[in-house]
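Read through the structure below, which is laid out as structure tokens, and then see the notes.
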Amino acid sequence: MKAAVIESVGRAVVTEIPDPTPGPREVVVEVAACGLCGTDLHILKGEFAPKLPIVPGHEFAGEVVGVGTRVTEVSAGDRVAVDPSLYCYECRYCRTGHNNLCERWAAIGVTTAGGAARYAVAPVANCVKLPEHVRTEDAALIEPLSCAVRGYDVLKSQLGSHVLIYGSGTMGLMMLELAKRTGAAGVDVVDVNPARLETARRLGVGGTAASAEELDRPQGWDLVVDATGNAAAIQDGLGRVAKAGTFLQFGVADYATRVTIDPYRIYNQEITITGSMAVLHSFERAAELFAGGVLDPGVFISDRIPLERYPEALEQFAAGVGRKIVVVP
């Protein structure tokens with residue numbers, strides 16, 4: 001079968017590899033669409049994936065075309081979205097409900113072959129059936145949405161909060177949509193990319209700007225979300241949190257990224273700084289929200305690129321052109 005492979009640091013190719021075979025409790029999914037994510041760029045840089053080569057792609061959906069000998073929950077022909085998370089269920093973190101922090105954490109498309117291919121293998125427990133009205137080629141959005149749902153679980157936001165989001169790429173826009181639906185009094189978005197800010201305005205925001213300084217809210221925001229992973233944005237955002245407010249590190253930063261904090265201010269103003277790591281008990285809820293229309297795929301997906309052009313798609317994504325880019329096998 002045809003698959004994208006990150007062969008080595010900085011090098012991605014499209015090549016032929018053997019078709020996958022499911023284990024007893026696994027299924028083979030014919031991929032309809034696979035989204036690109038910042039994690040894929042980190043893998044290309046030699047981060048996250050424990051070893052290369054790897055078939056990337058952890059945001060995907062498709063049709064079941066093969067099932068293992070002990071699979072009864074789905075059948076060939078069922079359409080599914082796939083949660084890429086793989087946990088040991090034995091370590092301290094799994095046993096205390098923090099599976100996303102598993103000591104043996106793994107993920108489809110990161111540690112095992114993913115969905116940037118014609119076929120992918122997944123545990124049946126990770127597959128969520130799609131209702132008839134949901135298009136399979138749009139359902140690759142469910143995985144990033146499940147990360148955003150996890151982010152809001154961490155925030156524990158209150159009704160009437162004022163929210164500031166750094167970044168209006170896919171994840172920033174998803175956080176925007178969730179903020180609007182969780183009773184925010186106002187949501188502002190900061191981004192240096194005018195095209196992406198225009199999309200935020202299209203979705204409906206209180207204010208948009210290239211700098212938070214332009215938004216004129218000297219008292220700060222109750223919730224500040226970084227969806228960029230950019231050091232300058234993170235540093236600025238830490239200074240925009242209102243008293244008793246929360247800063248969420250949601251964007252994935254490079255390993256070497258460093259910022260400074262003001263410990264006295266954190267103490268004196270009771271500021272919370274927290275993070276949100278991937279998916280945790282949120283994939284099924286994201287699938288239901290998606291089926292209910294929380295996102296408009298026509299707005300979020302800007303490009304559908306053939307799998308044969310995967311390296312080109314990565315370059316476009318790295319350049320910040322477009323919104324969600326999906327590859328189509």
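To be explicit about the labels: the chains of the structure tokens are called A, B, and onward in the order shown, and within each one the residues are counted from 1, while ligands get numbers from 1 in the order they are shown.
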
Open item on the list: If we count only C-alpha atoms and set the cut-off at 12 Å, which residues sit around A:Ala184, ignoring sequence neighbours fewer than 4 positions away in its own chain? Please answer as a ChimeraX atom specification.
Closed with: /A:152,156-164,175-180,188,205-206,221-223

TODO: With a distance cut-off of 7 Å and only C-alpha atoms, select the neighbouring residues of A:Gly169, excluding the residue or stretch itself and same-chain residues fewer than 3 positions from it, and output the selection as a ChimeraX atom specification.
DONE: /A:172-173,196,323

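Pairwise distance (atom CA of A:Ala106, atom CA of A:Lys324) equals 23.6 Å.
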
Each residue of stretch 209-323 of chain A with at least one atom at most 12 Å from stretch 24-44 of chain A should appear once, together with its nearest atom pair and the corresponding distance in Å (one decimal); atoms considered: only C-alpha atoms; ordering: chain, then increasing residue number; output as JSON lines.
```
{"residue": "A:Ala227", "atom": "CA", "partner": "A:Gly38", "partner_atom": "CA", "distance": 10.7}
{"residue": "A:Thr228", "atom": "CA", "partner": "A:Gly38", "partner_atom": "CA", "distance": 9.5}
{"residue": "A:Gly229", "atom": "CA", "partner": "A:Gly38", "partner_atom": "CA", "distance": 9.5}
{"residue": "A:Asn230", "atom": "CA", "partner": "A:Gly38", "partner_atom": "CA", "distance": 11.9}
{"residue": "A:Phe250", "atom": "CA", "partner": "A:Gly38", "partner_atom": "CA", "distance": 11.8}
{"residue": "A:Gly251", "atom": "CA", "partner": "A:Gly38", "partner_atom": "CA", "distance": 8.8}
{"residue": "A:Val252", "atom": "CA", "partner": "A:Gly38", "partner_atom": "CA", "distance": 7.3}
{"residue": "A:Ala253", "atom": "CA", "partner": "A:His42", "partner_atom": "CA", "distance": 9.1}
{"residue": "A:Asp254", "atom": "CA", "partner": "A:His42", "partner_atom": "CA", "distance": 7.6}
{"residue": "A:Tyr255", "atom": "CA", "partner": "A:His42", "partner_atom": "CA", "distance": 9.5}
{"residue": "A:Met277", "atom": "CA", "partner": "A:Thr39", "partner_atom": "CA", "distance": 11.9}
{"residue": "A:Ala278", "atom": "CA", "partner": "A:Thr39", "partner_atom": "CA", "distance": 10.4}
{"residue": "A:Phe300", "atom": "CA", "partner": "A:Gly35", "partner_atom": "CA", "distance": 11.1}
{"residue": "A:Ile301", "atom": "CA", "partner": "A:Gly35", "partner_atom": "CA", "distance": 9.1}
{"residue": "A:Ser302", "atom": "CA", "partner": "A:Gly35", "partner_atom": "CA", "distance": 11.1}
{"residue": "A:Asp303", "atom": "CA", "partner": "A:Gly35", "partner_atom": "CA", "distance": 9.9}
{"residue": "A:Arg304", "atom": "CA", "partner": "A:Ala33", "partner_atom": "CA", "distance": 8.3}
{"residue": "A:Ile305", "atom": "CA", "partner": "A:Ala33", "partner_atom": "CA", "distance": 9.4}
{"residue": "A:Pro306", "atom": "CA", "partner": "A:Ala33", "partner_atom": "CA", "distance": 9.5}
{"residue": "A:Leu307", "atom": "CA", "partner": "A:Cys34", "partner_atom": "CA", "distance": 9.0}
{"residue": "A:Tyr310", "atom": "CA", "partner": "A:Leu36", "partner_atom": "CA", "distance": 9.4}
{"residue": "A:Pro311", "atom": "CA", "partner": "A:Leu44", "partner_atom": "CA", "distance": 10.4}
{"residue": "A:Glu312", "atom": "CA", "partner": "A:Leu36", "partner_atom": "CA", "distance": 11.6}
{"residue": "A:Ala313", "atom": "CA", "partner": "A:Leu36", "partner_atom": "CA", "distance": 8.1}
{"residue": "A:Leu314", "atom": "CA", "partner": "A:Leu36", "partner_atom": "CA", "distance": 7.4}
{"residue": "A:Glu315", "atom": "CA", "partner": "A:Leu41", "partner_atom": "CA", "distance": 9.2}
{"residue": "A:Gln316", "atom": "CA", "partner": "A:Leu36", "partner_atom": "CA", "distance": 10.3}
{"residue": "A:Phe317", "atom": "CA", "partner": "A:Leu36", "partner_atom": "CA", "distance": 7.5}
{"residue": "A:Ala318", "atom": "CA", "partner": "A:Leu41", "partner_atom": "CA", "distance": 7.2}
{"residue": "A:Ala319", "atom": "CA", "partner": "A:Leu41", "partner_atom": "CA", "distance": 11.0}
{"residue": "A:Gly320", "atom": "CA", "partner": "A:Gly38", "partner_atom": "CA", "distance": 10.6}
{"residue": "A:Gly322", "atom": "CA", "partner": "A:Leu36", "partner_atom": "CA", "distance": 11.5}
{"residue": "A:Arg323", "atom": "CA", "partner": "A:Leu36", "partner_atom": "CA", "distance": 10.0}
```

Residues as selected, C-alpha atoms, written as a PDB file, in the first residue's frame, can you do that?
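File produced: result.pdb:
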```
ATOM      1  CA  ALA A 227      -2.440  27.657  21.170  1.00  0.00           C
ATOM      2  CA  THR A 228       0.836  28.515  19.426  1.00  0.00           C
ATOM      3  CA  GLY A 229       3.732  26.968  21.358  1.00  0.00           C
ATOM      4  CA  ASN A 230       5.627  30.157  20.492  1.00  0.00           C
ATOM      5  CA  PHE A 250      -2.238  24.250  25.110  1.00  0.00           C
ATOM      6  CA  GLY A 251       0.096  24.748  22.149  1.00  0.00           C
ATOM      7  CA  VAL A 252       2.992  22.326  21.762  1.00  0.00           C
ATOM      8  CA  ALA A 253       6.316  24.121  22.213  1.00  0.00           C
ATOM      9  CA  ASP A 254       9.730  22.926  21.117  1.00  0.00           C
ATOM     10  CA  TYR A 255      11.731  21.130  23.798  1.00  0.00           C
ATOM     11  CA  MET A 277      -1.688  16.999  27.187  1.00  0.00           C
ATOM     12  CA  ALA A 278      -3.485  15.378  24.253  1.00  0.00           C
ATOM     13  CA  PHE A 300     -11.915  24.441   9.449  1.00  0.00           C
ATOM     14  CA  ILE A 301     -10.576  22.336   6.562  1.00  0.00           C
ATOM     15  CA  SER A 302      -8.853  24.626   4.082  1.00  0.00           C
ATOM     16  CA  ASP A 303      -6.965  22.068   1.970  1.00  0.00           C
ATOM     17  CA  ARG A 304      -7.485  18.453   0.935  1.00  0.00           C
ATOM     18  CA  ILE A 305      -4.221  17.257  -0.573  1.00  0.00           C
ATOM     19  CA  PRO A 306      -3.544  13.843  -2.177  1.00  0.00           C
ATOM     20  CA  LEU A 307      -1.344  11.540  -0.099  1.00  0.00           C
ATOM     21  CA  TYR A 310       2.445  14.576   1.665  1.00  0.00           C
ATOM     22  CA  PRO A 311       5.900  16.242   1.811  1.00  0.00           C
ATOM     23  CA  GLU A 312       4.442  19.293   0.063  1.00  0.00           C
ATOM     24  CA  ALA A 313       1.514  19.318   2.481  1.00  0.00           C
ATOM     25  CA  LEU A 314       3.960  19.312   5.414  1.00  0.00           C
ATOM     26  CA  GLU A 315       5.816  22.274   3.915  1.00  0.00           C
ATOM     27  CA  GLN A 316       2.579  24.214   3.463  1.00  0.00           C
ATOM     28  CA  PHE A 317       1.542  23.469   7.025  1.00  0.00           C
ATOM     29  CA  ALA A 318       4.931  24.510   8.398  1.00  0.00           C
ATOM     30  CA  ALA A 319       4.630  27.798   6.502  1.00  0.00           C
ATOM     31  CA  GLY A 320       1.325  28.563   8.226  1.00  0.00           C
ATOM     32  CA  GLY A 322      -4.283  27.614   5.372  1.00  0.00           C
ATOM     33  CA  ARG A 323      -6.081  26.140   8.341  1.00  0.00           C
TER      34      ARG A 323
END
```

Open item on the list: as a ChimeraX atom specification, please: every residue in stretch 60-293 of chain A that a backbone DSSP assignment puts in strand (DSSP E or B).
Closed with: /A:60-67,79-82,85-86,106-108,112,117,119-123,127-129,162-166,186-190,207-209,221-226,241-249,272-275
